file model30.csv (CSV, C-alpha atoms)
chain,number,residue,atom,x,y,z
R,1,MET,CA,0.0,0.0,0.0
R,2,ASP,CA,1.4,3.4,-0.9
R,3,THR,CA,1.7,6.2,1.5
R,4,THR,CA,-1.4,8.1,0.2
R,5,SER,CA,-3.6,5.0,0.4
R,6,LEU,CA,-2.4,4.2,3.8
R,7,LEU,CA,-3.1,7.7,5.2
R,8,GLN,CA,-6.5,7.6,3.5
R,9,ALA,CA,-7.2,4.4,5.3
R,10,ILE,CA,-6.1,5.8,8.6
R,11,TYR,CA,-8.3,9.0,8.2
R,12,LYS,CA,-11.3,6.9,7.1
R,13,ALA,CA,-11.0,4.6,10.1
R,14,PHE,CA,-10.7,7.5,12.5
R,15,ARG,CA,-13.6,9.4,10.9
R,16,GLU,CA,-15.7,6.3,11.3
R,17,LYS,CA,-14.6,5.9,14.9
R,18,ARG,CA,-13.0,2.5,14.2
R,19,LEU,CA,-10.1,2.9,16.7
R,20,ALA,CA,-8.7,-0.6,16.3
R,21,ASP,CA,-8.4,-0.2,12.6
R,22,THR,CA,-6.9,3.3,12.9
R,23,ILE,CA,-4.2,2.0,15.3
R,24,SER,CA,-3.5,-1.2,13.3
R,25,HIS,CA,-2.2,1.0,10.4
R,26,LEU,CA,0.4,2.7,12.6
R,27,ALA,CA,3.9,1.5,13.1
R,28,ASP,CA,4.9,0.1,16.5
R,29,ASP,CA,7.2,3.1,17.1
R,30,PHE,CA,4.6,5.6,15.9
R,31,SER,CA,4.8,9.0,17.8
R,32,LEU,CA,2.3,11.8,17.9
R,33,VAL,CA,3.2,15.4,18.6
R,34,VAL,CA,0.2,17.8,19.1
R,35,HIS,CA,1.1,21.5,19.2
R,36,LEU,CA,-1.5,22.7,21.7
R,37,PRO,CA,-1.2,24.6,25.0
R,38,ASP,CA,-1.4,22.7,28.2
R,39,ASP,CA,-4.8,24.1,29.1
R,40,ALA,CA,-6.2,22.6,25.8
R,41,LEU,CA,-4.4,19.3,26.1
R,42,PRO,CA,-2.5,18.3,29.2
R,43,GLY,CA,1.1,17.5,28.3
R,44,GLY,CA,1.1,20.1,25.6
R,45,ASP,CA,3.4,19.3,22.7
R,46,ARG,CA,5.4,16.4,24.2
R,47,PRO,CA,5.7,13.3,21.9
R,48,ARG,CA,3.2,10.6,22.6
R,49,SER,CA,3.7,6.9,21.9
R,50,LYS,CA,1.3,4.7,19.8
R,51,ALA,CA,-0.4,3.6,23.1
R,52,GLU,CA,-0.7,7.1,24.3
R,53,ALA,CA,-2.1,8.3,21.0
R,54,ALA,CA,-4.7,5.4,21.1
R,55,LEU,CA,-5.9,6.7,24.5
R,56,LEU,CA,-6.1,10.3,23.2
R,57,PHE,CA,-8.0,9.1,20.1
R,58,GLN,CA,-10.3,7.1,22.3
R,59,GLY,CA,-11.0,10.2,24.4
R,60,PHE,CA,-12.0,12.1,21.3
R,61,ILE,CA,-14.3,9.2,20.2
R,62,ASN,CA,-15.9,9.0,23.6
R,63,ASP,CA,-16.4,12.7,24.2
R,64,TYR,CA,-17.3,14.1,20.8
R,65,ASP,CA,-19.7,13.7,17.9
R,66,PHE,CA,-17.8,14.0,14.7
R,67,LEU,CA,-20.0,16.4,12.7
R,68,ALA,CA,-17.4,16.8,9.9
R,69,TYR,CA,-13.9,15.4,9.2
R,70,ASP,CA,-12.4,16.0,5.8
R,71,GLN,CA,-8.7,15.2,5.6
R,72,GLY,CA,-8.4,17.2,2.4
R,73,PRO,CA,-5.6,16.4,-0.2
R,74,ILE,CA,-2.7,14.3,1.0
R,75,ILE,CA,0.6,15.6,-0.4
R,76,VAL,CA,3.5,13.1,-0.4
R,77,THR,CA,7.0,14.2,-1.0
R,78,GLY,CA,9.7,11.6,-0.4
R,79,ASP,CA,9.4,10.5,3.3
R,80,HIS,CA,7.0,13.3,4.2
R,81,ALA,CA,3.3,13.7,3.8
R,82,THR,CA,1.0,16.5,4.7
R,83,SER,CA,-2.7,17.1,4.9
R,84,GLN,CA,-4.9,19.8,6.4
R,85,PRO,CA,-8.1,18.1,7.9
R,86,GLN,CA,-11.0,20.4,8.4
R,87,ILE,CA,-12.9,19.2,11.5
R,88,ARG,CA,-16.1,20.0,13.3
R,89,TYR,CA,-16.8,18.2,16.6
R,90,ARG,CA,-19.6,18.6,19.2
R,91,HIS,CA,-18.9,17.8,22.8
R,92,LYS,CA,-21.5,15.2,23.8
R,93,LYS,CA,-22.1,16.5,27.3
R,94,THR,CA,-21.9,20.3,26.8
R,95,GLY,CA,-23.0,20.6,23.2
R,96,LYS,CA,-20.1,23.0,22.5
R,97,VAL,CA,-18.7,22.8,19.0
R,98,ILE,CA,-15.1,22.8,18.0
R,99,GLU,CA,-14.4,23.8,14.4
R,100,THR,CA,-10.8,24.0,13.1
R,101,ARG,CA,-8.4,23.2,10.4
R,102,LEU,CA,-5.5,21.0,11.4
R,103,ASN,CA,-2.1,20.7,9.9
R,104,HIS,CA,-0.9,17.1,9.8
R,105,THR,CA,2.7,16.4,8.9
R,106,TRP,CA,3.7,12.7,8.6
R,107,HIS,CA,7.3,11.5,8.5
R,108,VAL,CA,7.6,8.0,7.1
R,109,ARG,CA,10.6,5.7,6.2
R,110,THR,CA,8.6,3.5,3.8
R,111,ALA,CA,5.1,3.2,2.6
R,112,ARG,CA,4.8,0.3,5.1
R,113,HIS,CA,5.3,2.9,7.9
R,114,GLU,CA,8.1,1.2,9.7
R,115,HIS,CA,8.3,4.5,11.5
R,116,SER,CA,5.8,7.4,11.4
R,117,THR,CA,5.3,10.6,13.2
R,118,ASN,CA,2.2,12.7,13.0
R,119,THR,CA,2.6,16.3,14.0
R,120,THR,CA,-0.7,18.1,14.4
R,121,THR,CA,-0.9,21.9,14.6
R,122,LEU,CA,-4.2,23.8,14.9
R,123,HIS,CA,-4.4,26.7,12.5
R,124,THR,CA,-7.7,28.1,13.8
R,125,TYR,CA,-9.5,27.0,16.9
R,126,ARG,CA,-13.0,28.1,17.5
R,127,ARG,CA,-15.4,26.9,20.2
R,128,SER,CA,-19.0,27.7,19.9
call {"tool": "encode", "arguments": {"input": "model30.csv", "output": "structure tokens"}}
result
Amino acid sequence: MDTTSLLQAIYKAFREKRLADTISHLADDFSLVVHLPDDALPGGDRPRSKAEAALLFQGFINDYDFLAYDQGPIIVTGDHATSQPQIRYRHKKTGKVIETRLNHTWHVRTARHEHSTNTTTLHTYRRS
């Protein structure tokens, strides 16, 4: 599976809240870096392991309705890939809506993802 197809499969599984499928596509040494302040995400932008990322993803799945999740074009250049998902989530308990565009940067050694890192940056962050 090439890098674009693999990332499309990861995004599709996450959008459909199929966590086991999402995680199964990630390399064992996967790391996730999310550039958010501590008050938005405890731990801020420290790297998270595959297991920690799975817990974070599960929290999103448990706490939010996914109103929109469009990963947009995936651009692959060598061992890097980028996409800018546009998301809209509603918190299940409060009803507050988060709408933002993310910047995902993936670093991969091979299309089989022997190692991958996803760096997520929020471009805009709006809570309704």
call {"tool": "residues_around", "arguments": {"input": "model30.csv", "residues": "Arg48 of chain R", "least_positions_apart": "3", "cutoff": "7 Å", "atoms": "only C-alpha atoms", "output": "PyMOL selection string"}}
result
chain R and resi 31-33+52-53
call {"tool": "atom_distance", "arguments": {"input": "model30.csv", "atom1": "atom CA of Thr100 of chain R", "atom2": "atom CA of Asp29 of chain R"}}
result
27.9 Å
call {"tool": "atom_distance", "arguments": {"input": "model30.csv", "atom1": "atom CA of Thr22 of chain R", "atom2": "atom CA of Ile10 of chain R"}}
result
5.0 Å
call {"tool": "closest_residue", "arguments": {"input": "model30.csv", "among": "R:Leu41, R:Ile75, R:Val108, R:Ala20", "to": "Ile61 of chain R", "atoms": "all atoms listed in the file"}}
result
R:Ala20
call {"tool": "residues_around", "arguments": {"input": "model30.csv", "residues": "Gln84 of chain R", "least_positions_apart": "6", "cutoff": "9 Å", "atoms": "only C-alpha atoms", "output": "VMD selection string"}}
result
chain R and resid 70 to 74 101 to 105
call {"tool": "atom_distance", "arguments": {"input": "model30.csv", "atom1": "atom CA of Glu16 of chain R", "atom2": "atom CA of Tyr89 of chain R"}}
result
13.1 Å
call {"tool": "decode", "arguments": {"input": "model30.csv", "residues": "segment 82-106 of chain R", "atoms": "C-alpha atoms", "output": "JSON list (two decimals), in the first residue's frame"}}
result
[["chain", "number", "residue", "atom", "x", "y", "z"],
["R", 82, "THR", "CA", 0.99, 16.51, 4.72],
["R", 83, "SER", "CA", -2.73, 17.11, 4.92],
["R", 84, "GLN", "CA", -4.93, 19.76, 6.45],
["R", 85, "PRO", "CA", -8.05, 18.15, 7.86],
["R", 86, "GLN", "CA", -11.03, 20.41, 8.44],
["R", 87, "ILE", "CA", -12.90, 19.16, 11.50],
["R", 88, "ARG", "CA", -16.09, 20.01, 13.34],
["R", 89, "TYR", "CA", -16.77, 18.18, 16.61],
["R", 90, "ARG", "CA", -19.57, 18.62, 19.16],
["R", 91, "HIS", "CA", -18.91, 17.77, 22.79],
["R", 92, "LYS", "CA", -21.45, 15.15, 23.81],
["R", 93, "LYS", "CA", -22.06, 16.54, 27.32],
["R", 94, "THR", "CA", -21.87, 20.30, 26.81],
["R", 95, "GLY", "CA", -22.97, 20.60, 23.18],
["R", 96, "LYS", "CA", -20.08, 22.98, 22.49],
["R", 97, "VAL", "CA", -18.73, 22.80, 18.97],
["R", 98, "ILE", "CA", -15.06, 22.84, 18.02],
["R", 99, "GLU", "CA", -14.37, 23.77, 14.42],
["R", 100, "THR", "CA", -10.82, 24.01, 13.14],
["R", 101, "ARG", "CA", -8.38, 23.21, 10.39],
["R", 102, "LEU", "CA", -5.48, 21.00, 11.44],
["R", 103, "ASN", "CA", -2.07, 20.69, 9.86],
["R", 104, "HIS", "CA", -0.85, 17.08, 9.82],
["R", 105, "THR", "CA", 2.74, 16.35, 8.92],
["R", 106, "TRP", "CA", 3.65, 12.70, 8.59]]
